[in-house]
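Below is one structure; the comments refer to it alone.
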Amino acid sequence: MAGSEWGRSMIRLLRAWATTPALVFTVLALSVFGVAMIYSAGVLNLPSPVTEDIWQRQAQWLVLGLLAFTVLGSVPSRWIEWAALPAYVGGILVLMATLVIGTGAGTAAGVKSWISIAGFRFQPAEVAKIATILAVARLLSTRREAFQYLRELFPPVALIGLPLALVVLQPDLGTALAFIGILFTMLYWGGTPIPLLVLLASPGLGLILSYDIWVWSGYIILLTFSLFFYRYRLYLVESVAVVLANLAAGTIALPLWRSLADYQKNRLLVFLDQTVDPQGAGWQIIQSKVAIGSGGLTGKGFTAGPQKRLDFLPEQHTDFIFSVIGEELGFLGTSLVILAFGFILVRLVQLAAKVTDPFAGLVIFGIFGAWITHVFVNIGMTVGLVPITGIPLPFVSYGGSFLLMSWVALALAVRVSQDT
Amino acid sequence: MRLDHPLSRRRRAQGGTALVVVLMGLLMVAFFRAQVLRKTTWELQAESNPLRQLIVPAPRGTIFDRNDSLIADNVPGWAVVLLPGSRDSIRSRIESLRPHLGLTDGRVERLMETARTYPRQPLTVKVNAPFDEVAALEERKGEFPGLYLERRPRRRYLAGEAVGHILGYLGEVTQEELDEPEFAQDSLGRYVPGAIVGKDGIERQYEGLLQGKAGFRYVEVDVLGRIVGSLDGFPGDTARAGLDIRLNIDLELQEWVHDIFPDTLRGAVVALNVDDGGVLALYSAPSFDPNAFVGGIGGAEWASLVEDPDLPLYNRSVQGTYAPGSTFKLATAAMALDLGLIEADEIMPIPCTGGMPFGNRVWHCWEREGHGDVDLLKALQGSCDVYFYQVAARIGLRRFLDEGARLGFNERCGIDLPSEARGTFPDTTYWQRVYGYRPREGETLNLSIGQGPIDQTPLKMAQFYLAIARDGSAPPPRLLKTEEPPEGGWTLDLSQEALEIMREGIRAVVQPGGTAYGSSLEHWDLMGKTGTVQNDGNPDHAWFAGMAGPRGSDPEIVVVVFVEFGESGSRVAAPIMAKTADFFLRKKYGIPIDSIQTLTEHWMTGTPAPWAEPVPAEAGGAGGGE
């Protein structure tokens, strides 16, 4: 009797693994692959004691992540729904505390993104990301109809805007981008029509276009006219607010640009012209592209990348791990990894479409939103497709708390998908 | 349609899937282009050749003198550079180079500091390495990964010690300097760690002009960090040389001054061109050889310069301030004339009887015998203190101080050198501030003969004598030769008659009976005023300030000589002044240079001196001194 009880709880524990095995085992394969690449990133011609052994720590974190996945995958999903709001409030408090007692690390020594407790360091933003997804899912899951008015978007925008602002203050622009990804994907899944999302994003577009006064003026006129003629279910006040927000974005662009640190400006300038800062931000992109380009179709072979071995690649086990993959495994390796991520993301979309519970669908799609932002921005920057931002690649980049929380997120997605 | 309707969910899921396909597709295309098509500009010619960026140094601008003679140029030199690598490898590579380059502990620590701060930049281990060191390293290059022997222009100062104080010297830019706005906000971004910048003199003053813009290029290195070739596919940037500049200095004159200034003495010589106030020569003894600094001065060598009690790095001509003594009497007279308080031919009411009463005491003349009735001409000829006491009393303290300030005696001349000192000249609050009492009228009497709280640089005194040599106007002395005359300066309202009388007065000093007659010259009309300044128990300081030109025409060169502890203006300072002026004028008018120049030299060598009286005049005593 006791034996079969024990057996049954063991089976329940393993349920998380069995629900969507293709998804979970793809993620597991990527994680193991990540540990291998981190090992390779530490193989240098002139070994450094710091990076030589960190693959072992990543492996330990992976084991912890698998445990967390197994346990969380078997809790009742009601608990997850209940935990949403307390987790959100707790996440916000910890983010606030981070601004006061937070510390930097390694190359990001100037920012306040980490908290150490008893020698154990983690990034509260990782926790806050998941908590925010849960909270927004709670908020939006009560709706049965699609959004019609811009003002209806205010509560979810505010809910995400608070942690977003706290993360920007650290400053951690990479994680901020992830929050923006979460915002738009969850609003979309929550039933926001595309034109409304475009209007919501328009001040950001205005900010970017303000680099040229003529382009910007044309854009503002176009926006005003389309609002006037199209009147997409907007009140007059809302239309005016959209235009005003765009005008404001154009106005603060210059002061905002001036307030950026030099390295941040350079990253953007380098995106436009790679020769701007050949010693700094330009160096990273040049070296990354050289490594990727020299990888060719089949690569230099595992651990054999010369760019990497000579320690040319910046952040080669964290943000630029994909450059190592490109150099050592070639296009075969990079395309396989991109396809793997594509598969994971599509599986998440399918899960979200399958579940009938709105909360479950929103949680899954929120996680989808966070991951697709991470994957596209991280991989895109190594090849010069997007500006350089400090954002890691899920399951592959070195970073304990990020790996753990990614597995926690997977557990939540898998767990909530089972209750339908 | 309700949101939880399966069809609604499916439609939104299609949007999500489309987003994944588009974004992942974009990434696939980008990587396909970069890795398979290799159409990007970042494609490498060879499979495994990583890039290194190398700085191509730019030569500094060349410095010419007024006659287009070279003062400073550049010759090929070699620098030992390490390409970037990990921190530990840099440390071990520096250690392995250490015995070959003779690096000190301090130097190694500084290098590691630079490598830590700028890990992606090539590290200059040694600039201007001697050729034998470079050759030895070149032979064994394979043993030193990441070693790069860079051709780098090396500064050369052709006149060495003669121009040390004018040109200043070069050195590696310090972290503090990099933080200064001038360097940090340089629009060309020329100032990076390891950059060589001017530290003093013209090299510092015109650093922005002289510094070139370094270029860069990319090279390919092999797995061991050895350079295997240059890379043409990458845009580099060619180096641009700094701007050439031309100075008012006459290099031959400058070297001549360096040669004739007695080795055992310390002091300064300033020679100005009467036409435009340009600095013809500027010398401070002892001097230093700026070539010693090129390529980083050794610790011992630097210590010997800094700890030398003769202060060779101290530019006495523009940094030293000294009481001007009797050379200032001309200024007192000029101020009174400018203010319209005396006439040039006026005889002062009180005849000199060796002193005069003023306030509650008697003010003595250096000449206890007295000068009798004196006008300006006689007063300057005899350096009569009593005459100037009366002029001073007539000017009055406040006007004296105001006029002195107008002529910039409490200011810098504005010469284009970074280290010029301000002269000391009191204002009305000075005595209260420094001595704690209200100034009495008698202070003016003291100041009028160049004593009391009045210290001036040799350059400042030269600028004043320049005004007397010209028409009363004194432009700021300049080292850089420019098309436009320099702005600024001041003007004295002096009649031609007054100027003639003043020049006549100081001409007498080098004429028969004058204290500096022994310094008179064969070809030129020489004028000057001696000054001998008491010095707190030490030997007196000696001045000679004057001018010279062809006989019967206006002066063309102003020369001020100051000799620390020189004891006698007429015996020590005057001959240096005369020989300086003589050299310049002979060169200008094509008369062959002769080392036997002054009357004394003619007598001592038994050379006939056709212009002089055949009576040996013993140039003795403190000429016109106190």
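In the structure tokens, each chain is lettered A, B, ... as it comes, each chain's residues begin at 1, and ligands are numbered from 1 in order of appearance.
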
inquiry  = Only residues of chain A matter here; which ones have an atom within 8 Å of chain B, counting only C-alpha atoms? Give them as a ChimeraX atom specification.
reply    = /A:46,48,143-146,188-191,279-280,286-287,289-297,306-307,310-312,330-331,334-335,338-339,342,345-346,349-350,352-353,356-358,372,376,379-380,383,385

Counting only C-alpha atoms, what is within 7 Å of A:Leu166, bar same-chain residues fewer than 3 positions away, as a short mmCIF file (atom, residue, chain, number, x, y, z; two decimals) with N, CA and C atoms, in the first residue's frame?
```
data_model
loop_
_atom_site.label_atom_id
_atom_site.label_comp_id
_atom_site.auth_asym_id
_atom_site.auth_seq_id
_atom_site.Cartn_x
_atom_site.Cartn_y
_atom_site.Cartn_z
N LEU A 95 12.46 44.31 -6.40
CA LEU A 95 13.06 45.19 -7.41
C LEU A 95 13.40 46.54 -6.80
N MET A 96 12.50 47.05 -5.96
CA MET A 96 12.77 48.33 -5.29
C MET A 96 13.99 48.19 -4.39
N LEU A 162 5.23 49.32 -14.16
CA LEU A 162 5.90 49.52 -12.87
C LEU A 162 7.22 48.74 -12.79
N PRO A 163 7.19 47.39 -12.97
CA PRO A 163 8.48 46.67 -12.94
C PRO A 163 9.40 47.12 -14.08
N LEU A 169 15.63 51.69 -14.24
CA LEU A 169 16.41 52.48 -13.29
C LEU A 169 17.70 51.77 -12.86
N GLN A 170 17.78 50.46 -13.06
CA GLN A 170 18.95 49.72 -12.56
C GLN A 170 20.28 50.16 -13.17
#
```

query = What residues in stretch 395-596 of chain B get the DSSP label strand (DSSP E or B)? Please answer as a ChimeraX atom specification.
reply = /B:424,455-456,473-474,478,480,490-491,521,524-535,538-550,557-564

inquiry  = So that I can see what lies close to B:Val125, please list as a list in words the residues with an atom at most 8 Å from it, counting only C-alpha atoms and leaving out residues fewer than 4 positions away in the same chain.
reply    =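 Near neighbours after the sequence-gap exclusion: Ala79, Val80, Val81, Leu82, Ile94 and Leu111 of chain B.
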
task = Name all residues at most 9 Å from stretch 213-221 of chain A (count only C-alpha atoms; drop same-chain ones fewer than 3 positions away) and give them as a PyMOL selection string.
result = chain A and resi 206-210+224-226+243+246-247+250

I need the chosen residues saved as a short mmCIF file (atom, residue, chain, number, x, y, z; two decimals), in the first residue's frame, with N, CA and C atoms.
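The file below, part14.cif, is the result:
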```cif
data_model
loop_
_atom_site.label_atom_id
_atom_site.label_comp_id
_atom_site.auth_asym_id
_atom_site.auth_seq_id
_atom_site.Cartn_x
_atom_site.Cartn_y
_atom_site.Cartn_z
N GLY A 206 7.82 57.18 -32.70
CA GLY A 206 8.11 58.62 -32.81
C GLY A 206 9.46 58.96 -32.24
N LEU A 207 9.80 58.31 -31.14
CA LEU A 207 11.09 58.55 -30.50
C LEU A 207 12.23 58.18 -31.46
N ILE A 208 12.08 57.03 -32.11
CA ILE A 208 13.15 56.57 -33.00
C ILE A 208 13.24 57.45 -34.24
N LEU A 209 12.07 57.82 -34.79
CA LEU A 209 12.08 58.59 -36.03
C LEU A 209 12.55 60.02 -35.83
N SER A 210 12.59 60.49 -34.58
CA SER A 210 12.93 61.89 -34.34
C SER A 210 14.39 62.19 -34.64
N THR A 224 -1.55 61.77 -37.62
CA THR A 224 -2.71 62.61 -37.35
C THR A 224 -3.81 62.36 -38.38
N PHE A 225 -3.40 62.32 -39.64
CA PHE A 225 -4.41 62.11 -40.69
C PHE A 225 -5.06 60.74 -40.56
N SER A 226 -4.28 59.72 -40.31
CA SER A 226 -4.87 58.38 -40.25
C SER A 226 -5.81 58.29 -39.05
N VAL A 243 -1.52 61.63 -30.28
CA VAL A 243 -0.70 62.62 -30.99
C VAL A 243 0.22 63.33 -30.00
N ASN A 246 3.11 61.25 -29.03
CA ASN A 246 4.10 61.20 -30.11
C ASN A 246 4.92 62.48 -30.16
N LEU A 247 4.22 63.62 -29.98
CA LEU A 247 4.95 64.89 -29.96
C LEU A 247 5.93 64.92 -28.80
N GLY A 250 8.98 62.90 -29.50
CA GLY A 250 9.92 63.60 -30.37
C GLY A 250 10.67 64.68 -29.62
#
```

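Excluding B:Ile593 itself and any same-chain residue fewer than 3 positions from it, the protein and nucleic acid residues within 10 Å of it, counting only C-alpha atoms, are Asp582, Phe583, Phe584, Leu585, Arg586, Lys587, Gly590, Ile596 and Gln597 of chain B.
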
task = Find the spatial neighbours of A:Ala245, counting only C-alpha atoms, within a cut-off of 12 Å - ignore same-chain residues fewer than 5 positions away - and output them as a ChimeraX atom specification.
result = /A:199-207,220,223-224,237-240,250-252

key: Atomic separation - atom CA of B:Ser69 relative to atom CA of B:Asp525, Å   =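 Separation of atom CA of B:Asp525 and atom CA of B:Ser69: 28.3 Å.
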
ask   = With only C-alpha atoms as the basis for distance, which of A:Val167, A:Arg78, A:Pro195, A:Leu139 is at the shortest distance from A:Glu126?
value =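 Smallest distance to A:Glu126 is found for A:Val167.
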
query = Can you list, as number ranges by chain, every residue of stretch 31-255 of chain A that DSSP puts in alpha helix (DSSP H)?
reply = A: 31-41, 49-52, 54-72, 77-101, 124-141, 154-169, 173-189, 194-209, 213-230, 236-255

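By only C-alpha atoms, and with residues fewer than 3 positions from B:Thr332 along its chain excluded, the set lying at most 6 Å from it is B:Lys329, B:Met335, B:Ser448.
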
Save out the residues we just selected, N, CA and C atoms, as a CSV table (one decimal), in the first residue's frame.
```csv
chain,number,residue,atom,x,y,z
B,329,LYS,N,64.0,102.5,-12.9
B,329,LYS,CA,63.9,103.9,-12.9
B,329,LYS,C,63.4,104.5,-14.2
B,335,MET,N,56.3,106.8,-16.6
B,335,MET,CA,55.0,106.9,-16.0
B,335,MET,C,54.7,108.4,-15.7
B,448,SER,N,59.9,103.6,-6.7
B,448,SER,CA,60.4,104.4,-7.9
B,448,SER,C,61.8,104.0,-8.3
```

task = Mind giving me the straight-line distance from atom CA of B:Val163 to atom CA of B:Asn291 in Å, one decimal?
result = 10.3 Å

ask   = atom CA of A:Leu159 and atom CA of A:Leu93 are how many Å apart?
value = 13.8 Å
